[in-house]
Structure formats: structure tokens, C-alpha cells
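*Asks:* Below is final_31.txt; it holds compact mmCIF, C-alpha atoms.
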# COMPACT_ATOMS: atom_id res chain seq x y z
CA MET X 1 13.94 11.07 -4.96
CA ASN X 2 14.66 9.11 -1.81
CA LEU X 3 13.02 9.26 1.58
CA LEU X 4 15.78 10.99 3.55
CA GLN X 5 16.23 13.59 0.81
CA THR X 6 12.49 14.35 0.82
CA ILE X 7 12.42 14.72 4.61
CA THR X 8 15.53 16.92 4.51
CA GLU X 9 14.07 19.22 1.84
CA ASN X 10 10.82 19.58 3.79
CA GLN X 11 12.67 20.33 7.02
CA ILE X 12 14.84 22.97 5.31
CA LYS X 13 11.71 24.69 4.00
CA SER X 14 10.19 24.77 7.49
CA LYS X 15 13.51 25.55 9.24
CA ASN X 16 12.98 22.29 11.15
CA GLN X 17 10.02 23.88 12.96
CA SER X 18 7.36 21.48 11.69
CA GLY X 19 7.59 17.81 10.95
CA THR X 20 6.85 15.91 7.77
CA THR X 21 3.61 13.94 7.77
CA LEU X 22 3.37 10.32 6.73
CA PRO X 23 0.60 10.97 4.15
CA PHE X 24 2.80 13.63 2.51
CA LEU X 25 5.68 11.15 2.23
CA MET X 26 3.43 8.37 0.96
CA GLN X 27 2.02 10.60 -1.77
CA ARG X 28 5.32 12.24 -2.73
CA LEU X 29 7.25 8.97 -2.95
CA GLU X 30 4.36 6.76 -4.08
CA LEU X 31 4.90 4.30 -1.23
CA SER X 32 2.41 2.16 0.63
CA SER X 33 1.98 2.64 4.36
CA GLU X 34 3.90 -0.55 5.11
CA GLU X 35 6.79 0.33 2.77
CA LEU X 36 7.06 3.79 4.30
CA LYS X 37 7.00 2.52 7.87
CA ARG X 38 9.72 -0.03 7.07
CA GLU X 39 11.96 2.65 5.51
CA LEU X 40 11.31 5.14 8.33
CA ASN X 41 12.21 2.53 10.92
CA ILE X 42 15.57 1.95 9.22
CA LEU X 43 16.30 5.70 9.28
CA ARG X 44 15.20 5.90 12.92
CA LEU X 45 17.45 3.01 13.95
CA ASP X 46 20.35 4.66 12.09
CA GLY X 47 19.77 7.78 14.20
CA LYS X 48 18.90 10.04 11.26
CA ILE X 49 15.29 10.87 12.14
CA ILE X 50 12.91 10.99 15.07
CA ALA X 51 9.14 10.63 15.05
CA ARG X 52 6.76 12.53 17.31
CA ASN X 53 3.03 12.66 17.78
CA GLY X 54 1.41 15.77 16.36
CA LEU X 55 -2.15 17.04 16.42
CA ASN X 56 -2.95 15.25 13.17
CA GLY X 57 -0.81 12.13 13.49
CA ARG X 58 2.84 11.14 13.45
CA LEU X 59 5.45 13.66 12.32
CA VAL X 60 8.97 12.94 11.15
CA PHE X 61 11.86 15.28 12.02
CA LEU X 62 15.55 15.21 11.23
CA LYS X 63 17.55 14.37 14.29
CA LYS X 64 19.57 17.37 15.47
Once more with this new file: its structure as C-alpha cells, please.

*Replies:*
Amino acid sequence: MNLLQTITENQIKSKNQSGTTLPFLMQRLELSSEELKRELNILRLDGKIIARNGLNGRLVFLKK
């Protein structure tokens, strides 16, 4: 399963109301923090996701 697909599935489940946490993505995809950040940055630069600060850390959302 790839990163964008995982984020998309999580956002569909939450109706894009809550973001996807970095620890969830790291665990689900078995990625290190550095690998995940590198991949997320690529998706952000491509305009596919946005990241916001949440109460418990960074959250990833699909870009509307």
C-alpha cells in the first residue's frame, strides 16, 4: 500500500474531517520518520496534501 492511498482511505473514513497522524502512517507503512517526511514533502510539493498542526502533533489532509 502506498502513502497517498493510505491517506486517501483514512480521509474517506473520516469524511475529511480529521487528519491522518504521522505515527499512524509510520506504523501502517513501516517507514522511518525521515522516510515518511521525505515522501510527505513530495506529495505536498505536488499539491496533493496539506499538513496542519493538531492538538497532538502534525496532521495530514488531502488537498481539496

*Asks:* Taking all atoms listed in the file into account, name the residue in X:Ser33, X:Asn16, X:Gln27, X:Thr21 that is nearest to Lys64 in chain X.

*Replies:*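 Closest to Lys64 in chain X, using all atoms listed in the file: X:Asn16.
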
*Asks:* Compile the contact shell of Leu59 in chain X as a VMD selection string: residues with an atom at most 6 Å away, counting all atoms listed in the file, same-chain residues fewer than 6 positions apart removed.

*Replies:* chain X and resid 19 to 21 51 to 52

*Asks:* Return the single residue from X:Ser18, X:Thr8, X:Asn41, X:Asn2 that is closest to Leu55 in chain X, with distances computed using only C-alpha atoms.

*Replies:* X:Ser18

*Asks:* Find the residue from X:Arg58, X:Glu34, X:Ile49, X:Ile42 that sits nearest to Ile7 in chain X; use all atoms listed in the file when measuring.

*Replies:*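 The answer is X:Ile49, which sits nearest to Ile7 in chain X.
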
*Asks:* Distance CA of Leu43 in chain X-CA of Gly57 in chain X, one decimal place?

*Replies:* 18.8 Å

*Asks:* When distances are computed from all atoms listed in the file, which of X:Leu45, X:Ile50, X:Leu3, X:Ile12 shows the smallest separation from Glu30 in chain X?

*Replies:*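 For Glu30 in chain X, the nearest of the given residues is X:Leu3.
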
*Asks:* Would you mind telling me which residue in X:Lys63, X:Ser32, X:Gln5, X:Asn10 lies nearest to Asp46 in chain X when using all atoms listed in the file?

*Replies:*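 Smallest separation from Asp46 in chain X among the options: X:Lys63.
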